[in-house]
Amino acid sequence: MVRKWTAVIPVKRLGTAKTRLRGAVPADRHPELALAMVRDTAAAVLGAAAVARLVVVTDDPVVSAAVREIGAVPAPDPGGGLNAALRFGADEMAGLDTYRVVLTGDLPALLPEHLDAVLAEVTGRSFVPDAAGTGTVLLAAPPRVPLDPRFGPHSAAAHAASGATPIGAGRPGLRQDVDTAADLDSVLALGAGGRTRRLLSDLGLTTACTQSACAG
């Protein structure tokens with residue numbers, strides 16, 4: 001039987017998103033960068049053959065409109081912080097009888113085929129550590145297993161201690177989230193999605209876009 005996953009991405013209001021990344025681009029373009037990364041991440045998730053639906057939990061109307069355009073389902077943030085938003089999207093909206101995967105919204109180098117490969121590895125509750133090995137970029141749960149997210153400082157250790165299995169080795173585009181300007185350089189080297197690369201090209205922070213390099 002082919003698994004079909006419901007994916008969930010939480011997104012803060014753009015004005016307060018990615019605070020550690022501030023200064024990487026001019027202040028007035030920071031919300032655009034945050035949105036470009038969300039859109040690239042969402043497009044890659046929706047391009048994965050294993051994903052049937054993407055829910056974006058956010059209270060930002062700009063984010064809601066943008067992700068709806070590319071086929072995602074926006075949902076209001078229930079309040080209570082990041083883990084509450086993830087539980088709401090995965091265990092309540094999708095339901096415990098489904099395959100559920102939650103991802104961070106700052107994975108602009110994610111490729112659909114890498115997400116498909118990682119989801120095929122899931123046999124129980126599983127997580128993908130970030131490139132640094134301390135954070136978490138993805139948490140997945142099969143039917144009838146609560147998501148039980150532990151996102152926050154040192155979340156990789158917290159997820160491992162809670163019984164989740166680490167997966168996703170050898171998938172740098174999936175593991176490279178963007179918290180700092182150095183992370184932004186890393187995703188550009190890996191191959192950032194078209195929206196992120198177009199914005200950075202417009203700001204003179206990467207090489208000029210070509211149709212093939214900045215498609216999407």
# chains A, B, ... in the order shown; residues from 1 in each chain; ligands from 1
>>> residues_around(residues="stretch 82-88 of chain A", least_positions_apart="4", cutoff="6 Å", atoms="only C-alpha atoms", output="list in words")
Asp77, Glu92 and Pro149 of chain A
>>> residues_around(residues="stretch 100-113 of chain A", least_positions_apart="3", cutoff="7 Å", atoms="only C-alpha atoms", output="VMD selection string")
chain A and resid 5 to 11 37 to 38 40 to 41 44 to 45 47 to 48 86 90 116 to 117 137 to 142 173 to 174 176 to 178 187 190 to 193 196
>>> select_by_dssp(residues="stretch 79-199 of chain A", states="helix (DSSP H, G or I)", output="number ranges by chain")
A: 82-95, 112-121, 155-161, 172-175, 181-190, 194-199
>>> closest_residue(among="A:Ala65, A:Val122, A:Leu54, A:Ala189", to="A:Gly89", atoms="only C-alpha atoms")
A:Leu54
>>> decode(residues="stretch 164-176 of chain A", atoms="all heavy atoms", output="CSV table (one decimal), in the first residue's frame")
chain,number,residue,atom,x,y,z
A,164,ALA,N,12.1,8.8,19.6
A,164,ALA,CA,12.0,8.9,18.2
A,164,ALA,C,13.4,8.5,17.5
A,164,ALA,O,14.4,8.6,18.2
A,164,ALA,CB,11.8,10.4,17.8
A,165,THR,N,13.3,7.9,16.3
A,165,THR,CA,14.5,7.4,15.6
A,165,THR,C,15.0,8.4,14.7
A,165,THR,O,14.3,9.0,13.9
A,165,THR,CB,14.1,6.2,14.8
A,165,THR,OG1,13.6,5.2,15.7
A,165,THR,CG2,15.3,5.6,14.1
A,166,PRO,N,16.4,8.7,14.7
A,166,PRO,CA,16.9,9.7,13.8
A,166,PRO,C,17.0,9.0,12.4
A,166,PRO,O,17.5,7.9,12.3
A,166,PRO,CB,18.3,10.0,14.4
A,166,PRO,CG,18.6,8.8,15.2
A,166,PRO,CD,17.3,8.2,15.7
A,167,ILE,N,16.7,9.8,11.4
A,167,ILE,CA,16.8,9.3,10.0
A,167,ILE,C,17.3,10.5,9.2
A,167,ILE,O,17.5,11.6,9.7
A,167,ILE,CB,15.4,8.8,9.4
A,167,ILE,CG1,14.3,10.0,9.6
A,167,ILE,CG2,14.9,7.6,10.2
A,167,ILE,CD1,13.0,9.6,8.9
A,168,GLY,N,17.4,10.3,7.9
A,168,GLY,CA,17.7,11.4,7.0
A,168,GLY,C,19.2,11.7,6.7
A,168,GLY,O,19.5,12.7,6.1
A,169,ALA,N,20.1,10.7,7.1
A,169,ALA,CA,21.5,10.9,6.8
A,169,ALA,C,21.7,11.0,5.3
A,169,ALA,O,21.0,10.4,4.5
A,169,ALA,CB,22.3,9.8,7.4
A,170,GLY,N,22.6,11.9,4.9
A,170,GLY,CA,22.9,12.0,3.5
A,170,GLY,C,21.9,12.9,2.7
A,170,GLY,O,21.9,12.8,1.4
A,171,ARG,N,21.1,13.7,3.3
A,171,ARG,CA,20.1,14.5,2.7
A,171,ARG,C,20.4,16.0,3.1
A,171,ARG,O,19.7,16.6,3.8
A,171,ARG,CB,18.7,14.1,3.0
A,171,ARG,CG,18.4,12.7,2.9
A,171,ARG,CD,18.4,12.2,1.4
A,171,ARG,NE,18.1,10.8,1.3
A,171,ARG,CZ,18.1,10.1,0.2
A,171,ARG,NH1,18.5,10.7,-0.9
A,171,ARG,NH2,17.9,8.8,0.2
A,172,PRO,N,21.5,16.6,2.6
A,172,PRO,CA,21.9,17.9,3.1
A,172,PRO,C,20.9,19.0,2.8
A,172,PRO,O,20.7,19.9,3.6
A,172,PRO,CB,23.2,18.2,2.4
A,172,PRO,CG,23.2,17.3,1.2
A,172,PRO,CD,22.5,16.1,1.6
A,173,GLY,N,20.2,18.9,1.7
A,173,GLY,CA,19.1,19.9,1.4
A,173,GLY,C,18.0,19.9,2.3
A,173,GLY,O,17.4,20.9,2.6
A,174,LEU,N,17.7,18.7,2.9
A,174,LEU,CA,16.6,18.6,3.9
A,174,LEU,C,17.1,19.0,5.2
A,174,LEU,O,16.4,19.7,6.0
A,174,LEU,CB,16.2,17.1,3.9
A,174,LEU,CG,15.2,16.7,5.1
A,174,LEU,CD1,14.0,17.5,5.1
A,174,LEU,CD2,14.9,15.2,5.0
A,175,ARG,N,18.3,18.8,5.6
A,175,ARG,CA,18.8,19.1,6.9
A,175,ARG,C,19.3,20.5,7.1
A,175,ARG,O,19.4,21.0,8.2
A,175,ARG,CB,20.0,18.1,7.2
A,175,ARG,CG,19.6,16.7,7.3
A,175,ARG,CD,20.8,15.8,7.7
A,175,ARG,NE,21.2,16.1,9.1
A,175,ARG,CZ,22.2,15.6,9.7
A,175,ARG,NH1,22.9,14.6,9.1
A,175,ARG,NH2,22.5,15.9,10.9
A,176,GLN,N,19.5,21.3,6.0
A,176,GLN,CA,20.0,22.6,6.1
A,176,GLN,C,18.9,23.6,6.3
A,176,GLN,O,18.3,24.1,5.3
A,176,GLN,CB,20.9,23.0,4.9
A,176,GLN,CG,21.6,24.3,5.0
A,176,GLN,CD,22.5,24.4,6.2
A,176,GLN,OE1,23.5,23.7,6.2
A,176,GLN,NE2,22.2,25.2,7.2
